[in-house]
>>> print(open('my_file_28.cif').read())   # mmCIF, C-alpha atoms
data_upload
loop_
_atom_site.label_atom_id
_atom_site.label_comp_id
_atom_site.auth_asym_id
_atom_site.auth_seq_id
_atom_site.Cartn_x
_atom_site.Cartn_y
_atom_site.Cartn_z
CA MET A 1 0.00 0.00 0.00
CA ASP A 2 2.95 2.32 0.64
CA LYS A 3 4.06 1.93 -2.97
CA LEU A 4 0.51 2.56 -4.18
CA TRP A 5 0.38 5.78 -2.16
CA LEU A 6 3.73 6.85 -3.61
CA ILE A 7 2.43 6.32 -7.16
CA ILE A 8 -0.79 8.21 -6.41
CA ARG A 9 1.21 11.07 -4.91
CA ARG A 10 3.60 11.15 -7.87
CA GLU A 11 0.79 11.12 -10.46
CA TYR A 12 -1.04 13.88 -8.60
CA LEU A 13 1.89 16.20 -7.90
CA VAL A 14 3.48 15.84 -11.33
CA ARG A 15 0.28 16.91 -13.05
CA VAL A 16 -0.75 19.59 -10.58
CA LYS A 17 2.64 21.30 -10.84
CA LYS A 18 2.61 21.39 -14.64
CA LYS A 19 2.24 24.81 -16.22
CA SER A 20 -0.42 23.44 -18.53
CA PHE A 21 -2.57 22.36 -15.56
CA ILE A 22 -2.14 25.71 -13.80
CA LEU A 23 -2.90 27.70 -16.95
CA THR A 24 -5.89 25.53 -17.85
CA THR A 25 -7.31 25.67 -14.34
CA LEU A 26 -6.99 29.45 -14.12
CA LEU A 27 -7.76 30.41 -17.71
CA ALA A 28 -10.77 28.12 -18.21
CA PRO A 29 -12.97 30.10 -15.75
CA LEU A 30 -11.84 33.32 -17.43
CA ALA A 31 -12.76 31.88 -20.82
CA ILE A 32 -16.17 30.77 -19.51
CA ALA A 33 -16.79 34.21 -17.99
CA LEU A 34 -15.76 35.87 -21.25
CA LEU A 35 -18.07 33.52 -23.14
CA MET A 36 -20.97 34.46 -20.84
CA VAL A 37 -20.30 38.16 -21.43
CA VAL A 38 -20.10 37.65 -25.19
CA VAL A 39 -23.33 35.60 -25.16
CA GLY A 40 -25.01 38.37 -23.13
CA LEU A 41 -23.88 40.99 -25.63
CA ILE A 42 -25.09 38.82 -28.51
CA PHE A 43 -28.52 38.38 -26.92
CA SER A 44 -28.79 42.11 -26.20
CA TYR A 45 -27.57 43.14 -29.67
CA GLN A 46 -30.36 44.46 -31.90
CA GLY A 47 -28.35 45.57 -34.90
CA ASP A 48 -26.97 48.96 -35.78
CA GLU A 49 -28.57 49.50 -39.19
CA SER A 50 -31.56 51.84 -39.08
CA LYS A 51 -34.12 52.06 -41.86
CA GLU A 52 -36.60 54.77 -42.70
CA ILE A 53 -39.71 53.24 -44.19
CA VAL A 54 -42.54 55.05 -45.92
CA ILE A 55 -45.97 53.45 -45.41
CA ILE A 56 -48.76 53.60 -47.96
CA ASP A 57 -51.86 52.56 -46.01
CA GLN A 58 -54.42 52.15 -48.77
CA GLY A 59 -57.21 51.10 -46.41
CA ASN A 60 -56.31 53.52 -43.59
CA MET A 61 -56.25 50.58 -41.19
CA LEU A 62 -53.29 51.95 -39.21
CA GLU A 63 -54.80 55.45 -38.86
CA LYS A 64 -51.33 56.87 -39.58
CA ARG A 65 -50.00 55.59 -36.27
CA LEU A 66 -47.20 53.04 -35.97
CA LYS A 67 -44.57 52.94 -33.24
CA ASP A 68 -40.91 53.06 -34.28
CA GLU A 69 -39.26 49.81 -33.31
CA HIS A 70 -36.31 47.54 -34.09
CA ASN A 71 -34.32 50.41 -35.66
CA PHE A 72 -37.23 51.05 -38.04
CA TYR A 73 -38.53 54.59 -38.38
CA PHE A 74 -41.94 54.81 -40.00
CA ARG A 75 -43.73 57.70 -41.70
CA PHE A 76 -46.94 57.71 -43.68
CA SER A 77 -47.47 59.12 -47.15
CA ASP A 78 -50.59 59.87 -49.22
CA ARG A 79 -48.68 59.50 -52.49
CA THR A 80 -48.96 56.51 -54.75
CA LEU A 81 -46.22 53.92 -55.07
CA GLU A 82 -45.28 55.19 -58.55
CA GLU A 83 -44.97 58.78 -57.32
CA LEU A 84 -42.69 57.76 -54.45
CA ILE A 85 -40.47 55.72 -56.75
CA ASP A 86 -40.25 58.53 -59.35
CA ASN A 87 -39.40 61.14 -56.67
CA ARG A 88 -37.03 58.90 -54.76
CA SER A 89 -34.08 61.20 -55.40
CA GLN A 90 -35.92 64.05 -53.67
CA GLU A 91 -37.00 62.05 -50.61
CA SER A 92 -34.84 60.06 -48.24
CA PHE A 93 -36.12 56.60 -47.38
CA ASP A 94 -34.87 53.00 -47.43
CA GLY A 95 -38.07 51.21 -48.33
CA ILE A 96 -41.76 51.50 -49.09
CA LEU A 97 -44.34 49.41 -47.24
CA VAL A 98 -47.65 49.07 -49.09
CA ILE A 99 -50.64 47.83 -47.07
CA PRO A 100 -53.62 46.99 -49.30
CA PRO A 101 -57.13 47.16 -47.81
CA LEU A 102 -58.75 44.01 -46.49
CA ARG A 103 -60.94 42.22 -49.00
CA ASP A 104 -63.05 40.75 -46.22
CA ILE A 105 -63.20 41.82 -42.58
CA VAL A 106 -63.16 38.17 -41.46
CA SER A 107 -60.22 37.12 -43.66
CA LYS A 108 -57.44 35.37 -41.75
CA LYS A 109 -54.66 36.06 -44.25
CA HIS A 110 -53.43 39.32 -45.64
CA THR A 111 -50.40 40.15 -47.80
CA ILE A 112 -48.44 43.37 -47.53
CA PHE A 113 -45.63 44.45 -49.87
CA TYR A 114 -42.21 45.85 -49.12
CA TYR A 115 -40.26 47.63 -51.89
CA SER A 116 -36.55 48.19 -51.39
CA ASP A 117 -33.16 47.67 -53.02
CA THR A 118 -32.04 45.54 -50.07
CA ASN A 119 -33.87 42.63 -48.48
CA LEU A 120 -34.93 42.68 -44.85
CA ASP A 121 -33.21 40.35 -42.39
CA LEU A 122 -35.27 37.73 -40.55
CA ASP A 123 -35.63 39.78 -37.36
CA GLY A 124 -36.67 42.88 -39.30
CA SER A 125 -39.19 40.96 -41.38
CA ASP A 126 -40.70 39.33 -38.28
CA ALA A 127 -40.87 42.69 -36.47
CA ILE A 128 -42.75 44.42 -39.32
CA GLN A 129 -45.17 41.51 -39.71
CA ARG A 130 -45.87 41.51 -35.97
CA LEU A 131 -46.46 45.28 -35.86
CA ILE A 132 -48.82 45.26 -38.85
CA ARG A 133 -50.62 42.14 -37.57
CA ASP A 134 -51.39 43.81 -34.26
CA LYS A 135 -52.61 46.96 -36.02
CA ILE A 136 -54.88 44.97 -38.35
CA ARG A 137 -56.30 43.16 -35.31
CA ASP A 138 -57.10 46.50 -33.70
CA PHE A 139 -58.72 47.63 -36.96
CA LYS A 140 -60.93 44.54 -37.08
CA ILE A 141 -61.98 45.06 -33.47
CA ARG A 142 -63.07 48.60 -34.26
CA GLU A 143 -64.88 47.65 -37.45
CA MET A 144 -66.75 44.79 -35.81
CA ASN A 145 -67.61 46.88 -32.72
CA LEU A 146 -66.01 44.39 -30.38
CA ASP A 147 -64.71 44.99 -26.87
CA SER A 148 -60.94 44.42 -26.81
CA GLU A 149 -60.90 43.69 -23.06
CA GLN A 150 -63.56 41.01 -23.45
CA LEU A 151 -61.59 39.48 -26.30
CA ASP A 152 -58.46 39.39 -24.14
CA ASN A 153 -60.46 37.65 -21.45
CA LEU A 154 -61.11 34.80 -23.89
CA ASN A 155 -57.42 33.84 -23.73
CA THR A 156 -56.87 31.37 -20.92
CA GLN A 157 -53.46 30.16 -19.80
CA VAL A 158 -53.77 26.51 -18.78
CA THR A 159 -51.29 25.17 -16.19
CA LEU A 160 -51.10 21.50 -15.25
CA ASP A 161 -50.65 21.16 -11.48
CA PRO A 162 -49.88 17.55 -10.42
CA GLU A 163 -51.53 16.34 -7.23
CA PRO A 164 -51.09 13.08 -5.26
CA LEU A 165 -54.05 10.73 -5.00
CA VAL A 166 -53.79 10.68 -1.20
CA ARG A 167 -52.54 13.68 0.75
CA ASP A 168 -52.72 14.64 4.38
CA ASP A 169 -52.88 18.44 4.50
CA SER A 170 -52.66 18.37 8.30
CA ASP A 171 -49.05 17.16 8.04
CA GLU A 172 -46.89 20.14 7.09
CA GLU A 173 -44.05 17.97 5.80
CA THR A 174 -46.37 15.99 3.55
CA ALA A 175 -48.08 19.14 2.36
CA GLY A 176 -44.70 20.66 1.46
CA ASP A 177 -43.91 17.67 -0.77
CA ASN A 178 -46.89 18.45 -2.99
CA PRO A 179 -45.51 18.79 -6.54
CA SER A 180 -46.02 22.02 -8.46
CA PRO A 181 -46.28 22.67 -12.22
CA PHE A 182 -42.52 23.29 -12.24
CA THR A 183 -41.57 19.98 -10.60
CA SER A 184 -40.87 18.16 -13.88
CA VAL A 185 -39.08 21.16 -15.40
CA ILE A 186 -36.76 21.60 -12.41
CA ALA A 187 -36.10 17.85 -12.24
CA ALA A 188 -35.28 17.72 -15.96
CA GLY A 189 -32.95 20.71 -15.72
CA LEU A 190 -31.12 19.37 -12.67
CA GLY A 191 -30.96 15.85 -14.10
CA GLY A 192 -29.63 17.09 -17.43
CA LEU A 193 -26.96 19.16 -15.69
CA MET A 194 -25.78 16.25 -13.54
CA GLY A 195 -25.88 13.75 -16.41
CA PHE A 196 -23.93 15.97 -18.79
CA ALA A 197 -21.40 16.87 -16.07
CA MET A 198 -20.91 13.16 -15.38
CA TYR A 199 -20.38 12.52 -19.11
CA MET A 200 -17.71 15.21 -19.36
CA ILE A 201 -15.93 14.18 -16.15
CA VAL A 202 -15.85 10.45 -16.87
CA PHE A 203 -14.92 10.78 -20.53
CA ILE A 204 -12.27 13.49 -20.21
CA ASN A 205 -10.53 11.98 -17.16
CA GLY A 206 -10.67 8.48 -18.66
CA MET A 207 -8.96 9.74 -21.81
CA MET A 208 -6.40 11.54 -19.61
CA VAL A 209 -5.51 8.24 -17.92
CA MET A 210 -5.08 6.56 -21.31
CA ARG A 211 -2.81 9.31 -22.63
CA SER A 212 -0.70 9.16 -19.45
CA VAL A 213 -0.21 5.41 -19.86
CA MET A 214 0.67 5.81 -23.54
CA GLU A 215 3.22 8.56 -22.83
CA GLU A 216 5.04 6.56 -20.16
CA LYS A 217 5.06 3.47 -22.34
CA MET A 218 6.49 5.29 -25.37
CA ASN A 219 9.08 7.11 -23.21
CA ARG A 220 10.16 3.81 -21.62
CA VAL A 221 9.68 5.33 -18.15
CA VAL A 222 7.40 2.47 -17.20
CA GLU A 223 10.25 -0.07 -17.52
CA VAL A 224 12.03 1.55 -14.59
CA MET A 225 8.84 1.76 -12.52
CA ILE A 226 7.85 -1.87 -13.16
CA SER A 227 11.14 -3.02 -11.64
CA SER A 228 10.10 -1.75 -8.21
CA VAL A 229 6.29 -1.97 -8.19
CA ARG A 230 3.69 -4.41 -9.46
CA PRO A 231 1.86 -3.43 -12.68
CA PHE A 232 -1.52 -3.56 -10.92
CA TYR A 233 -0.43 -1.02 -8.30
CA LEU A 234 1.03 1.13 -11.03
CA MET A 235 -2.27 1.12 -12.93
CA MET A 236 -4.39 1.81 -9.84
CA GLY A 237 -2.05 4.57 -8.69
CA LYS A 238 -2.35 6.22 -12.07
CA ILE A 239 -6.16 5.93 -12.08
CA ILE A 240 -6.56 7.36 -8.57
CA GLY A 241 -3.91 10.04 -9.06
CA VAL A 242 -5.34 11.33 -12.34
CA GLY A 243 -8.85 11.20 -10.87
CA ALA A 244 -7.69 13.31 -7.92
CA VAL A 245 -6.23 15.84 -10.37
CA GLY A 246 -9.54 16.06 -12.22
CA LEU A 247 -11.44 16.40 -8.93
CA THR A 248 -9.09 19.19 -7.81
CA GLN A 249 -9.67 21.04 -11.08
CA ILE A 250 -13.44 20.71 -10.77
CA ILE A 251 -13.42 22.05 -7.19
CA ILE A 252 -11.30 25.04 -8.22
CA TRP A 253 -13.61 25.74 -11.17
CA ALA A 254 -16.69 25.47 -8.93
CA ILE A 255 -15.21 28.24 -6.78
CA LEU A 256 -13.67 30.46 -9.46
CA ILE A 257 -16.37 30.41 -12.17
CA PRO A 258 -19.15 32.04 -10.06
CA LEU A 259 -16.69 34.61 -8.67
CA ILE A 260 -15.28 35.54 -12.08
CA ALA A 261 -18.74 35.56 -13.70
CA SER A 262 -20.05 37.91 -11.00
CA GLY A 263 -17.02 40.16 -11.41
CA ALA A 264 -17.47 40.24 -15.18
CA ASN A 265 -21.12 41.23 -14.79
CA LEU A 266 -20.14 44.08 -12.47
CA ILE A 267 -17.36 45.31 -14.76
CA PHE A 268 -19.48 45.29 -17.91
CA GLY A 269 -22.50 46.73 -16.09
CA PHE A 270 -25.10 44.11 -16.96
CA ASP A 271 -26.29 40.74 -15.76
CA THR A 272 -25.68 38.16 -18.48
CA GLN A 273 -28.20 35.68 -17.09
CA GLN A 274 -30.81 38.41 -16.68
CA VAL A 275 -30.34 39.55 -20.29
CA MET A 276 -30.91 36.02 -21.58
CA LEU A 277 -33.86 35.58 -19.22
CA ASP A 278 -35.41 38.81 -20.45
CA GLU A 279 -35.07 37.66 -24.07
CA ALA A 280 -36.64 34.30 -23.26
CA SER A 281 -39.49 35.74 -21.18
CA ALA A 282 -40.34 38.89 -23.11
CA GLU A 283 -43.99 37.80 -23.38
CA ILE A 284 -44.41 37.00 -19.65
CA HIS A 285 -45.93 39.47 -17.25
CA PRO A 286 -43.58 40.65 -14.42
CA ASP A 287 -46.00 39.40 -11.75
CA ASP A 288 -45.97 35.97 -13.36
CA LEU A 289 -42.16 36.02 -13.39
CA GLU A 290 -42.09 36.71 -9.66
CA MET A 291 -44.49 33.87 -8.99
CA MET A 292 -42.47 31.51 -11.22
CA ALA A 293 -39.22 32.45 -9.46
CA ALA A 294 -40.81 31.79 -6.06
CA GLN A 295 -42.12 28.40 -7.18
CA VAL A 296 -38.74 27.46 -8.64
CA MET A 297 -37.00 28.30 -5.35
CA THR A 298 -39.60 26.25 -3.47
CA GLU A 299 -39.00 23.30 -5.77
CA LEU A 300 -35.22 23.54 -5.34
CA LYS A 301 -35.62 23.52 -1.56
CA ALA A 302 -37.97 20.53 -1.73
CA ILE A 303 -35.47 18.41 -3.66
CA ASN A 304 -33.95 15.60 -1.57
CA TRP A 305 -30.35 16.83 -1.74
CA TRP A 306 -29.33 14.37 1.00
CA LEU A 307 -30.05 11.58 -1.49
CA ILE A 308 -28.91 13.23 -4.72
CA VAL A 309 -25.48 14.51 -3.60
CA PRO A 310 -24.19 11.24 -2.05
CA CYS A 311 -25.55 9.21 -4.98
CA PHE A 312 -23.93 11.59 -7.45
CA ILE A 313 -20.56 11.12 -5.70
CA ILE A 314 -20.97 7.33 -5.70
CA PHE A 315 -21.84 7.23 -9.39
CA PHE A 316 -18.99 9.62 -10.17
CA PHE A 317 -16.35 7.43 -8.54
CA GLY A 318 -17.93 4.20 -9.79
CA GLY A 319 -18.24 5.42 -13.37
CA TYR A 320 -14.77 6.94 -13.32
CA ILE A 321 -13.15 3.70 -12.08
CA VAL A 322 -15.02 1.62 -14.67
CA TYR A 323 -14.00 3.71 -17.66
CA ALA A 324 -10.61 4.91 -16.40
CA SER A 325 -9.48 1.33 -15.74
CA LEU A 326 -10.61 0.24 -19.21
CA PHE A 327 -8.92 3.25 -20.81
CA ALA A 328 -5.75 2.43 -18.87
CA GLY A 329 -5.83 -1.16 -20.06
CA ILE A 330 -6.38 -0.13 -23.66
CA GLY A 331 -3.70 2.57 -23.37
CA SER A 332 -1.17 -0.05 -22.30
CA ALA A 333 -1.83 -2.01 -25.50
CA ILE A 334 -1.47 0.99 -27.80
CA GLY A 335 1.79 1.96 -29.45
CA ASP A 336 2.62 5.19 -31.21
CA ASP A 337 0.11 4.58 -34.03
CA LEU A 338 -2.75 7.11 -33.74
CA ALA A 339 -5.05 5.10 -36.02
CA GLU A 340 -4.50 2.08 -33.78
CA SER A 341 -5.54 4.05 -30.69
CA GLN A 342 -8.73 5.24 -32.37
CA ALA A 343 -9.69 1.70 -33.35
CA LEU A 344 -9.10 0.27 -29.87
CA THR A 345 -10.86 3.06 -27.98
CA LEU A 346 -13.98 2.99 -30.19
CA PRO A 347 -15.68 0.20 -28.14
CA LEU A 348 -15.23 2.38 -25.02
CA THR A 349 -16.45 5.64 -26.50
CA ILE A 350 -19.62 4.14 -28.00
CA PRO A 351 -21.22 3.22 -24.61
CA VAL A 352 -20.43 6.69 -23.23
CA ILE A 353 -22.02 8.42 -26.23
CA LEU A 354 -25.03 6.08 -26.15
CA ALA A 355 -25.49 6.79 -22.44
CA LEU A 356 -25.53 10.52 -23.18
CA TYR A 357 -28.30 10.14 -25.78
CA ILE A 358 -30.28 7.80 -23.53
CA MET A 359 -29.95 10.42 -20.78
CA PHE A 360 -31.63 13.04 -23.00
CA ALA A 361 -34.47 10.60 -23.69
CA ALA A 362 -34.73 9.78 -19.96
CA LEU A 363 -35.25 13.46 -19.16
CA ARG A 364 -38.48 13.36 -21.21
CA VAL A 365 -39.74 9.98 -19.96
CA PRO A 366 -37.72 9.13 -16.82
CA ASN A 367 -39.80 6.07 -15.92
CA SER A 368 -39.80 4.42 -19.35
CA SER A 369 -38.41 0.91 -19.68
CA MET A 370 -35.39 2.15 -21.61
CA ALA A 371 -34.56 4.79 -18.99
CA VAL A 372 -35.01 2.36 -16.08
CA TRP A 373 -32.86 -0.45 -17.48
CA ALA A 374 -30.23 1.92 -18.84
CA SER A 375 -29.90 3.49 -15.38
CA ILE A 376 -29.27 0.01 -13.96
CA PHE A 377 -26.83 -1.20 -16.65
CA PRO A 378 -23.34 -0.45 -15.23
CA PHE A 379 -21.87 1.06 -18.39
CA PHE A 380 -24.80 3.47 -18.76
CA SER A 381 -25.80 4.06 -15.13
CA PRO A 382 -23.07 6.62 -14.21
CA ILE A 383 -24.64 9.02 -16.72
CA VAL A 384 -28.30 7.96 -16.88
CA MET A 385 -29.08 7.39 -13.18
CA PRO A 386 -27.89 10.86 -12.00
CA ALA A 387 -30.25 12.32 -14.59
CA ARG A 388 -33.15 10.34 -13.05
CA LEU A 389 -32.36 11.06 -9.39
CA ALA A 390 -34.25 14.37 -9.36
CA PHE A 391 -37.39 12.54 -10.56
CA GLY A 392 -37.39 10.30 -7.46
CA PRO A 393 -36.86 6.78 -8.85
CA PRO A 394 -37.75 3.83 -6.57
CA ALA A 395 -35.15 2.95 -3.94
CA TRP A 396 -34.66 -0.57 -5.31
CA GLN A 397 -33.57 0.81 -8.67
CA ILE A 398 -30.98 3.11 -7.07
CA ILE A 399 -29.64 0.34 -4.80
CA LEU A 400 -29.49 -2.22 -7.61
CA SER A 401 -27.76 0.29 -9.89
CA ILE A 402 -25.11 1.09 -7.24
CA VAL A 403 -24.48 -2.59 -6.45
CA LEU A 404 -24.05 -3.50 -10.12
CA LEU A 405 -21.83 -0.45 -10.70
CA ILE A 406 -19.53 -1.45 -7.80
CA ALA A 407 -19.38 -5.03 -9.12
CA ALA A 408 -18.62 -3.74 -12.63
CA ALA A 409 -15.88 -1.44 -11.26
CA ILE A 410 -14.20 -4.37 -9.49
CA PHE A 411 -14.48 -6.55 -12.60
CA CYS A 412 -13.14 -3.85 -14.93
CA VAL A 413 -10.17 -3.19 -12.63
CA TRP A 414 -9.40 -6.91 -12.58
CA ILE A 415 -9.70 -7.28 -16.36
CA SER A 416 -7.72 -4.11 -17.05
CA GLY A 417 -4.99 -5.29 -14.67
CA ARG A 418 -4.54 -8.46 -16.74
CA ILE A 419 -4.31 -6.41 -19.92
CA TYR A 420 -2.02 -3.83 -18.36
CA ARG A 421 0.59 -6.24 -17.00
CA THR A 422 1.26 -7.60 -20.49
CA GLY A 423 0.55 -4.64 -22.74
CA ILE A 424 2.63 -2.09 -20.84
CA LEU A 425 5.87 -3.95 -21.67
CA MET A 426 4.96 -4.87 -25.25
CA TYR A 427 6.92 -2.99 -27.93
CA GLY A 428 7.16 -3.38 -31.68
CA LYS A 429 3.86 -5.22 -31.96
CA LYS A 430 0.39 -3.81 -32.52
CA GLY A 431 -2.20 -4.57 -29.89
CA THR A 432 -5.28 -6.09 -31.54
CA PHE A 433 -8.57 -7.19 -30.05
CA LYS A 434 -7.45 -10.79 -30.50
CA GLU A 435 -4.23 -10.15 -28.55
CA ILE A 436 -6.09 -8.28 -25.81
CA TRP A 437 -8.49 -11.21 -25.45
CA LYS A 438 -5.56 -13.59 -25.00
CA TRP A 439 -4.12 -11.39 -22.25
CA MET A 440 -7.50 -11.32 -20.49
CA ILE A 441 -7.91 -15.11 -20.37
CA SER A 442 -4.23 -15.84 -19.76
CA LYS A 443 -3.49 -17.75 -16.50
CA GLN A 444 -0.13 -16.05 -15.97
#
>>> encode(input="my_file_28.cif", output="structure tokens")
Amino acid sequence: MDKLWLIIRREYLVRVKKKSFILTTLLAPLAIALLMVVVGLIFSYQGDESKEIVIIDQGNMLEKRLKDEHNFYFRFSDRTLEELIDNRSQESFDGILVIPPLRDIVSKKHTIFYYSDTNLDLDGSDAIQRLIRDKIRDFKIREMNLDSEQLDNLNTQVTLDPEPLVRDDSDEETAGDNPSPFTSVIAAGLGGLMGFAMYMIVFINGMMVMRSVMEEKMNRVVEVMISSVRPFYLMMGKIIGVGAVGLTQIIIWAILIPLIASGANLIFGFDTQQVMLDEASAEIHPDDLEMMAAQVMTELKAINWWLIVPCFIIFFFGGYIVYASLFAGIGSAIGDDLAESQALTLPLTIPVILALYIMFAALRVPNSSMAVWASIFPFFSPIVMPARLAFGPPAWQIILSIVLLIAAAIFCVWISGRIYRTGILMYGKKGTFKEIWKWMISKQ
């Protein structure tokens, strides 16, 4: 065990002290913060090209009133289209908008015409159509002598509020567990975040272990190390050491990213998240936003974090050991041929990618047969089960998934150790699936 600890310490300190690790750990949060600022600026950007548009309202439906919007400046004209085109040199405008009269007051479609030397962009076209549509609606209301407030009252927002079949309102704890309309949305968001984070952590750190094994094999460093320590301890030390490096980086990012993002928002004078929220909720009333925010906070507090956090840690370590050990075993069988490495790692990358896609499907139907069995299957469960935890799966599914994942981790470490002890000292010969199979079943 002393030698194993020495290997873990070496793997950890060598990587943590590298300039590349320090730069990546410090610059990645800065890059993420910069990306958030850029995304906020993109969402808040409305274009810098203004257009002056002359409107010919042939049916007087707009009553010569239209609000300037989206860098469009409107003015009405009583001239004909031909007169405006002929006298274009004397007047300054970028386009002519012709609005023919309605053929029928109850018609549901109406075509307007825009004359210009340059085409409108998608946002500009949508903005003009929306403005004219609202004005035509107001015109129809006036012509049909309808009450606009009564018409607005016809629109009903329907919200599905889930309720348990049996509930004891006298018990405050039970009453607090009553799901709200946002329960599924919050669970899907949290599950997707945990599942995708697990995918990135397991895949990136597993590949890091494989590259570390390949580098030491090609540099012949491993020959010196094998002389004083067993191959199995060397492999496990590398897996644990690299995993600790990845965990250290994640902890640092979890601290730095919120701090840097908050600082960037203060420096640039706007809240990036608020800008994106405003764009996404432009049609929602402020009172509704307050109510939604309160319900979201209530849902977050009601989540069983005492179950989710420990389970997430268990699935993180279990999934990491499963894939990191397999990547280490495959890395020991790979030489300096890049094409060879791609061929041998393909069987390991396919389950990870499949698990990611199954996770997205599980967010929509978390209790489907595919989601349930994928969250139990050890090669999928590290990614799929964390995505289902927020939906409250049955305890037996969580327990069975953890037990199978632990068994799979032990089995993968054992199998990878058999591959590693032979492949790490093999030079001048390509490692094939046939050779790897022989190393796995060998009795040496």
>>> residues_around(input="my_file_28.cif", residues="A:Tyr115", least_positions_apart="3", cutoff="7 Å", atoms="all atoms listed in the file", output="JSON, numbers by chain")
{"A": [95, 96, 97]}
>>> resolve_selection(input="my_file_28.cif", expression="the PyMOL selection byres ((chain A and resi 72) around 8)", output="PyMOL selection string")
chain A and resi 50-53+68-71+73-74
>>> closest_residue(input="my_file_28.cif", among="A:Leu307, A:Met359, A:Val242, A:Arg230", to="A:Leu4", atoms="only C-alpha atoms")
A:Arg230
>>> closest_residue(input="my_file_28.cif", among="A:Leu30, A:Met61, A:Val106, A:Leu81", to="A:Asp138", atoms="all atoms listed in the file")
A:Met61
>>> axis_aligned_box(input="my_file_28.cif", around="stretch 69-72 of chain A", padding_each_side="4 Å", output="lines of an AutoDock Vina configuration file")
center_x = -36.8
center_y = 49.3
center_z = -35.7
size_x = 12.9
size_y = 11.5
size_z = 12.7
>>> resolve_selection(input="my_file_28.cif", expression="the PyMOL selection byres ((chain A and resi 326) around 9)", output="list of chain:residue names")
A:Gly206, A:Met210, A:Ile321, A:Val322, A:Tyr323, A:Ala324, A:Ser325, A:Phe327, A:Ala328, A:Gly329, A:Ile330, A:Gly331, A:Leu348, A:Cys412, A:Val413, A:Ile415, A:Ser416
>>> atom_distance(input="my_file_28.cif", atom1="atom CA of A:Ile204", atom2="atom CA of A:Ile22")
17.1 Å
>>> atom_distance(input="my_file_28.cif", atom1="atom CA of A:Leu13", atom2="atom CA of A:Thr248")
11.4 Å
